[in-house]
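Enquirer: I have a structure I would like to understand better, so I am pasting it below and will then ask my questions one at a time.
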Amino acid sequence: MNELTQKSRLVTLLKLDSWPAAERAVFLEKSGHLLLEASIGRLLLLLQEAELAQLELYLDSHENIDDMVGYLSDRYPLFVDILSEEAVALEKEAEQTFSSTS
(Lines give C-alpha, C1' and ligand atoms only; values in the text may rest on other atoms or scores of the structure.)
Protein backbone atom coordinates (compact mmCIF):
# COMPACT_ATOMS: atom_id res chain seq x y z
CA MET A 1 0.00 0.00 0.00
CA ASN A 2 1.49 3.34 -0.95
CA GLU A 3 1.84 6.36 1.32
CA LEU A 4 -1.00 8.30 -0.33
CA THR A 5 -3.43 5.40 0.08
CA GLN A 6 -2.42 4.91 3.72
CA LYS A 7 -2.82 8.61 4.41
CA SER A 8 -6.22 8.63 2.68
CA ARG A 9 -7.40 5.65 4.71
CA LEU A 10 -6.24 7.31 7.92
CA VAL A 11 -8.02 10.55 6.96
CA THR A 12 -11.22 8.60 6.29
CA LEU A 13 -10.94 6.36 9.33
CA LEU A 14 -10.37 9.22 11.74
CA LYS A 15 -12.74 11.56 9.90
CA LEU A 16 -9.86 14.00 9.55
CA ASP A 17 -11.49 15.59 6.53
CA SER A 18 -13.86 17.29 8.97
CA TRP A 19 -10.96 18.75 10.96
CA PRO A 20 -9.63 22.22 10.22
CA ALA A 21 -6.86 21.97 7.63
CA ALA A 22 -4.16 23.23 10.00
CA GLU A 23 -5.05 20.70 12.72
CA ARG A 24 -5.23 17.88 10.17
CA ALA A 25 -1.79 18.80 8.80
CA VAL A 26 -0.28 18.87 12.30
CA PHE A 27 -1.83 15.51 13.17
CA LEU A 28 -0.60 13.88 9.96
CA GLU A 29 2.88 15.34 10.43
CA LYS A 30 3.10 14.04 14.01
CA SER A 31 1.79 10.64 12.90
CA GLY A 32 4.43 10.57 10.18
CA HIS A 33 7.15 11.34 12.73
CA LEU A 34 5.93 8.55 15.01
CA LEU A 35 5.84 6.13 12.10
CA LEU A 36 9.36 7.10 11.06
CA GLU A 37 10.69 6.81 14.62
CA ALA A 38 9.16 3.35 15.07
CA SER A 39 10.58 2.20 11.74
CA ILE A 40 14.05 3.56 12.48
CA GLY A 41 13.93 1.90 15.90
CA ARG A 42 13.27 -1.47 14.29
CA LEU A 43 16.00 -0.88 11.71
CA LEU A 44 18.52 -0.07 14.43
CA LEU A 45 18.00 -3.51 15.94
CA LEU A 46 19.15 -5.09 12.68
CA LEU A 47 22.32 -3.08 12.04
CA GLN A 48 25.92 -3.78 12.91
CA GLU A 49 27.88 -1.36 15.09
CA ALA A 50 29.61 0.38 12.15
CA GLU A 51 26.30 0.79 10.36
CA LEU A 52 24.74 2.22 13.52
CA ALA A 53 27.46 4.84 13.80
CA GLN A 54 27.07 5.81 10.15
CA LEU A 55 23.30 6.04 10.44
CA GLU A 56 23.55 8.10 13.62
CA LEU A 57 25.79 10.60 11.84
CA TYR A 58 23.31 10.87 9.00
CA LEU A 59 20.28 11.30 11.27
CA ASP A 60 22.06 13.91 13.39
CA SER A 61 22.74 16.04 10.32
CA HIS A 62 19.40 15.73 8.50
CA GLU A 63 15.94 16.81 9.55
CA ASN A 64 13.85 16.62 6.37
CA ILE A 65 11.60 13.56 6.63
CA ASP A 66 11.37 13.03 2.87
CA ASP A 67 15.18 13.10 2.60
CA MET A 68 15.49 10.66 5.51
CA VAL A 69 12.98 8.21 4.06
CA GLY A 70 14.69 8.40 0.67
CA TYR A 71 18.12 7.82 2.16
CA LEU A 72 16.98 5.00 4.41
CA SER A 73 15.08 3.32 1.58
CA ASP A 74 18.09 3.53 -0.75
CA ARG A 75 20.71 2.55 1.81
CA TYR A 76 18.71 -0.14 3.64
CA PRO A 77 16.20 -1.80 1.28
CA LEU A 78 14.61 -3.63 4.22
CA PHE A 79 13.57 -0.24 5.60
CA VAL A 80 10.78 -0.02 3.00
CA ASP A 81 9.26 -3.25 4.33
CA ILE A 82 9.64 -2.10 7.93
CA LEU A 83 8.00 1.24 7.15
CA SER A 84 5.10 -0.50 5.40
CA GLU A 85 4.62 -2.90 8.31
CA GLU A 86 4.59 -0.03 10.80
CA ALA A 87 2.06 1.89 8.68
CA VAL A 88 -0.23 -1.14 8.53
CA ALA A 89 0.13 -1.63 12.29
CA LEU A 90 -0.77 2.03 12.91
CA GLU A 91 -3.79 1.73 10.65
CA LYS A 92 -4.98 -1.46 12.39
CA GLU A 93 -4.53 0.12 15.80
CA ALA A 94 -6.52 3.16 14.71
CA GLU A 95 -9.27 0.92 13.30
CA GLN A 96 -9.49 -1.04 16.56
CA THR A 97 -9.46 2.10 18.66
CA PHE A 98 -12.09 3.91 16.68
CA SER A 99 -14.33 0.91 16.04
CA SER A 100 -14.52 0.23 19.78
CA THR A 101 -15.42 3.84 20.56
CA SER A 102 -18.04 4.22 17.83
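Chain labels A, B, ... are given in the sequence in which chains occur in the C-alpha coordinates; within each chain residues are numbered consecutively from 1, and ligands are likewise numbered from 1 in the order shown.
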Can you list every residue in range 8-88 of chain A that DSSP puts in alpha helix (DSSP H), as a VMD selection string?
Expert: chain A and resid 8 to 13 21 to 44 49 to 61 65 to 75 78 to 88
Enquirer: At what distance in Å, to one decimal, does CA of Arg24 in chain A lie from CA of Ser73 in chain A?
Expert: 26.4 Å
Enquirer: Between CA of Ala94 in chain A and CA of Thr12 in chain A, what is the distance in Å, rounded to a tenth?
Expert: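 According to the coordinates, CA of Ala94 in chain A and CA of Thr12 in chain A are separated by 11.1 Å.
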Enquirer: Set the distance at 10 Å and use only C-alpha atoms: which residues neighbour Tyr76 in chain A once local chain neighbours fewer than 6 positions away are removed? I'd like the list as a PDB file with N, CA and C atoms, in the first residue's frame.
Expert:
```pdb
ATOM      1  N   LEU A  43      14.819  -0.747  12.560  1.00  0.00           N
ATOM      2  CA  LEU A  43      15.997  -0.875  11.707  1.00  0.00           C
ATOM      3  C   LEU A  43      17.266  -0.924  12.550  1.00  0.00           C
ATOM      4  N   LEU A  47      21.053  -3.572  12.587  1.00  0.00           N
ATOM      5  CA  LEU A  47      22.318  -3.080  12.040  1.00  0.00           C
ATOM      6  C   LEU A  47      23.516  -3.466  12.898  1.00  0.00           C
ATOM      7  N   GLY A  70      13.987   8.726   1.912  1.00  0.00           N
ATOM      8  CA  GLY A  70      14.689   8.402   0.669  1.00  0.00           C
ATOM      9  C   GLY A  70      16.043   7.759   0.930  1.00  0.00           C
TER      10      GLY A  70
END
```
